[in-house]
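Chemist: Sharing a structure with you now.
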Amino acid sequence: MKRLCTICARGGSKGVEGKNLRLLLGRPLIAYSLEQAHASSLFDRIAVSSDASEILEVSRTFGADILIQRPNELASDTAAKVPAIHQAVLQAEAISGQRFDTLVDLDATAPLRTPDDIRGAVALLETSGCSSVITGAPARRSPYFNLVERRADGSVVLSKTAEPPIVRRQDAPACFDMNASVYVWRRDRFLADPRVIYRDTRLFEMLVERSTDLDSELDFAYIEFLMQRRGGM
């Protein structure tokens, strides 16, 4: 069983300028994902894809095996991430001369995950037979109970309804926030049909305190606070 880890980190960022190289407790943000990938002891190769040469050089310093230059069209503010992962997988296989069985993408903006989270998500894929695994944490708001949508006329409705209506959170089906931390795929399924969720996708549950995705200055401050509390890793 050969496993590839990809980390896709573009140079531009609107929410937090230069976030993938920004120092978090003295280390570049992307270093945390690289260190967690190595600590998991799961991967035959760890590849970083970026349009920024500085990110690629820093990634080499922190243990990336394969450096992939991402095309500009896959690195714009409006570009989706899945095509970048797809390109990274194809390039990693071409560069390494290996064909991988399990693909894992670690989002560089999710430094609170642990190696055990990565191991757990991979084990769920490889033991269940599903096509992909995503990670998430229990949702703070339920679409059945207290999450609403604003309609064109300004009125609001519950995001999801049930019959009979659900009036207590305890009675609502369990809902989860995707935390953009770990994505796992079977290689052949992903390359044939590259997307995040299939009919048989499973969710690996992570703790809320390990599930913040860094997308704003407030997120950065909160993540820094949590990491200081747990000793920096």
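Chain labels A, B, ... are given in the sequence in which chains occur in the structure tokens; within each chain residues are numbered consecutively from 1, and ligands are likewise numbered from 1 in the order shown.
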Using DSSP secondary structure from the backbone, list all helix (DSSP H, G or I) positions within stretch 29-185 of chain A, as a PyMOL selection string.
Modeler: chain A and resi 29-40+53-61+72-74+81-96+115-128+169-171
Chemist: Residues of stretch 115-227 of chain A that approach stretch 80-99 of chain A to 7 Å or less, counting only C-alpha atoms: could you list each one with the shortest pair of atoms and its distance in Å to one decimal, rows by chain and increasing residue number, as JSON lines?
Modeler:
```
{"residue": "A:Leu191", "atom": "CA", "partner": "A:His86", "partner_atom": "CA", "distance": 6.9}
{"residue": "A:Pro194", "atom": "CA", "partner": "A:Val82", "partner_atom": "CA", "distance": 6.7}
{"residue": "A:Arg195", "atom": "CA", "partner": "A:Val82", "partner_atom": "CA", "distance": 6.3}
```
Chemist: Selection from above, N, CA and C atoms, as a short mmCIF file (atom, residue, chain, number, x, y, z; two decimals), in the first residue's frame, can you write it?
Modeler:
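For reference, part22.cif as written:
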```cif
data_model
loop_
_atom_site.label_atom_id
_atom_site.label_comp_id
_atom_site.auth_asym_id
_atom_site.auth_seq_id
_atom_site.Cartn_x
_atom_site.Cartn_y
_atom_site.Cartn_z
N LEU A 191 -8.70 10.05 -9.50
CA LEU A 191 -8.21 10.43 -10.81
C LEU A 191 -9.28 10.28 -11.89
N PRO A 194 -12.40 13.47 -10.10
CA PRO A 194 -11.83 14.27 -9.02
C PRO A 194 -12.84 15.21 -8.35
N ARG A 195 -13.23 14.87 -7.15
CA ARG A 195 -14.10 15.71 -6.33
C ARG A 195 -13.95 15.31 -4.87
#
```
Chemist: Might you pull out every residue within 12 Å of A:Glu163, with only C-alpha atoms counted and same-chain residues fewer than 4 positions away left off, and present them as a ChimeraX atom specification?
Modeler: /A:144,167,172
Chemist: Which residues of stretch 43-138 of chain A have any atom within 7 Å of an atom in stretch 10-32 of chain A when counting only C-alpha atoms, and what is the closest pair of atoms for each, with the distance in Å to one decimal? Order the rows by chain and rising number and write it as CSV.
Modeler:
```
residue,atom,partner,partner_atom,distance
A:Ser50,CA,A:Arg10,CA,4.9
A:Asp51,CA,A:Arg10,CA,5.6
A:Ala52,CA,A:Gly11,CA,5.1
A:Ile55,CA,A:Leu21,CA,6.7
A:Ser59,CA,A:Ala31,CA,6.9
A:Phe62,CA,A:Ala31,CA,6.0
A:Ala75,CA,A:Arg10,CA,5.9
A:Ala108,CA,A:Ile30,CA,5.2
A:Pro111,CA,A:Tyr32,CA,5.6
```
Chemist: Quick one: residues within 12 Å of stretch 206-217 of chain A, only C-alpha atoms counted, chain neighbours fewer than 6 positions away excluded, as a PyMOL selection string?
Modeler: chain A and resi 13-20+22+24+29-30+106-121+134-140+176-182+223-227+229-230+233
Chemist: Write out as JSON, numbers by chain which residues come within 7 Å of A:Ser159 when counting only C-alpha atoms, dropping same-chain ones fewer than 4 positions away.
Modeler: {"A": [143, 144, 147, 148, 149]}
Chemist: What does the file look like for those residues with C-alpha atoms, as a PDB file, in the first residue's frame?
Modeler:
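Below is the file result_4.pdb, written as the result:
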```
ATOM      1  CA  PRO A 143     -29.700  23.340   9.950  1.00  0.00           C
ATOM      2  CA  TYR A 144     -32.801  21.650  11.405  1.00  0.00           C
ATOM      3  CA  LEU A 147     -29.370  27.725  11.108  1.00  0.00           C
ATOM      4  CA  VAL A 148     -31.345  29.901   8.700  1.00  0.00           C
ATOM      5  CA  GLU A 149     -31.092  31.153   5.127  1.00  0.00           C
TER       6      GLU A 149
END
```
Chemist: How many Å lie between atom CA of A:Asp153 and atom CA of A:Pro173, rounded to one decimal?
Modeler: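 According to the coordinates, atom CA of A:Asp153 and atom CA of A:Pro173 are separated by 29.2 Å.
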Chemist: Do a neighbour search on A:Leu125 at 10 Å with only C-alpha atoms, toss out local chain neighbours closer than 6 positions, and write the hits as a PyMOL selection string.
Modeler: chain A and resi 102+131-134+184-186+201-204
Chemist: Tell me, in Å to one decimal, how far atom CA of A:Arg45 is from atom CA of A:Cys5.
Modeler: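 Result for atom CA of A:Arg45 versus atom CA of A:Cys5: 6.4 Å, one decimal.
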